[in-house]
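Taking it in order: structure first as structure tokens, then the write-up.
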Amino acid sequence: MGIRIKMARHLMECTKSPSIVYASGSTVGECLNNVLEKYPEAKKCFFDRRGGLIINISVNKQELISHKDKLDLPVKEGDEIYLF
């Protein structure tokens, strides 16, 4: 199954993806990269031209990530990542 990724409506429309996708990876960054492999157009929705993160990320409704340097936060099977 993998890591469940839920996207806010505006990101879903930008990426042309469903509101829930599944990704594989052991960190938030690996999961985002996995989503980008499936939906390459999402890069412009997630990052600025310099590669800086322009979205907020919540892991299991607890951990909030808003900087690229925190994308190494570990995740495991059954976790949920919310992009908004």
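FYI, nothing fancy with the structure tokens labels: chains A, B, ... in order, residues from 1 per chain, ligands from 1 as they appear.
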
Just want the 10 Å neighbourhood of range 21-27 of chain A, counted on only C-alpha atoms, with same-chain residues fewer than 2 positions away dropped. Output as a PyMOL selection string. chain A and resi 1-7+17-19+29-38+70-77+80-81

Output file for the selection above: C-alpha atoms, as a CSV table (one decimal), in the first residue's frame:
chain,number,residue,atom,x,y,z
A,1,MET,CA,0.0,0.0,0.0
A,2,GLY,CA,2.6,2.6,1.0
A,3,ILE,CA,2.3,6.1,2.5
A,4,ARG,CA,-1.0,7.8,2.0
A,5,ILE,CA,-0.6,11.3,0.5
A,6,LYS,CA,-3.6,13.6,0.8
A,7,MET,CA,-3.6,16.9,-1.2
A,17,SER,CA,-4.1,14.1,-9.5
A,18,PRO,CA,-6.7,12.5,-7.3
A,19,SER,CA,-7.0,13.9,-3.7
A,29,GLY,CA,11.3,13.8,0.8
A,30,GLU,CA,11.4,10.3,-0.7
A,31,CYS,CA,7.6,10.2,-0.8
A,32,LEU,CA,7.5,13.6,-2.4
A,33,ASN,CA,9.9,12.5,-5.1
A,34,ASN,CA,7.8,9.4,-5.7
A,35,VAL,CA,4.7,11.6,-6.2
A,36,LEU,CA,6.8,13.8,-8.6
A,37,GLU,CA,7.7,10.7,-10.6
A,38,LYS,CA,4.0,9.9,-11.0
A,70,LYS,CA,13.0,18.9,7.2
A,71,LEU,CA,12.1,16.6,4.3
A,72,ASP,CA,14.3,14.0,5.9
A,73,LEU,CA,11.6,13.3,8.5
A,74,PRO,CA,11.1,9.5,8.7
A,75,VAL,CA,7.8,8.0,7.7
A,76,LYS,CA,6.6,4.4,7.7
A,77,GLU,CA,3.9,2.2,6.2
A,80,GLU,CA,-0.4,9.9,6.3
A,81,ILE,CA,1.2,13.0,4.7

Write out as a PyMOL selection string all residues of chain A that backbone DSSP assigns to helix (DSSP H, G or I). chain A and resi 9-15+28-38+40-46+68-70

Select, from A:Cys14, A:Leu53, A:Phe47, A:Val28, the residue with the minimum atom-to-atom distance to Tyr82 in chain A, counting only C-alpha atoms.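 Distance minimum relative to Tyr82 in chain A lands on A:Val28.
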
Between A:Glu63, A:Leu83, A:Gly78, A:Glu41, which one has atoms that come closest to Ile20 in chain A, using only C-alpha atoms? A:Leu83

Using only C-alpha atoms: which of A:Phe84, A:His10, A:Asp79, A:Thr15 has the shortest distance to Ile55 in chain A: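 The shortest atom-to-atom distance to Ile55 in chain A comes from A:Phe84.
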
Report the residues of chain A whose backbone DSSP state falls under strand (DSSP E), written as JSON, numbers by chain. {"A": [3, 4, 5, 6, 7, 20, 21, 22, 23, 57, 58, 59, 63, 64, 65, 80, 81, 82, 83]}

Write the residues of the preceding selection, restricted to C-alpha atoms, as a compact mmCIF listing (two decimals), in the first residue's frame.
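Once written, result-v4.txt looks like this:
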# COMPACT_ATOMS: atom_id res chain seq x y z
CA ILE A 3 2.34 6.08 2.52
CA ARG A 4 -0.99 7.82 2.02
CA ILE A 5 -0.63 11.31 0.54
CA LYS A 6 -3.63 13.64 0.82
CA MET A 7 -3.61 16.87 -1.18
CA ILE A 20 -5.35 10.79 -2.32
CA VAL A 21 -2.33 9.06 -3.84
CA TYR A 22 0.05 6.50 -2.41
CA ALA A 23 3.80 6.85 -2.38
CA ILE A 57 3.25 19.42 4.95
CA SER A 58 1.70 17.68 7.93
CA VAL A 59 2.64 14.13 8.91
CA GLU A 63 4.45 17.19 12.55
CA LEU A 64 4.34 20.35 10.44
CA ILE A 65 7.02 20.85 7.80
CA GLU A 80 -0.36 9.87 6.26
CA ILE A 81 1.15 12.97 4.71
CA TYR A 82 -1.11 15.96 4.05
CA LEU A 83 0.04 18.56 1.51
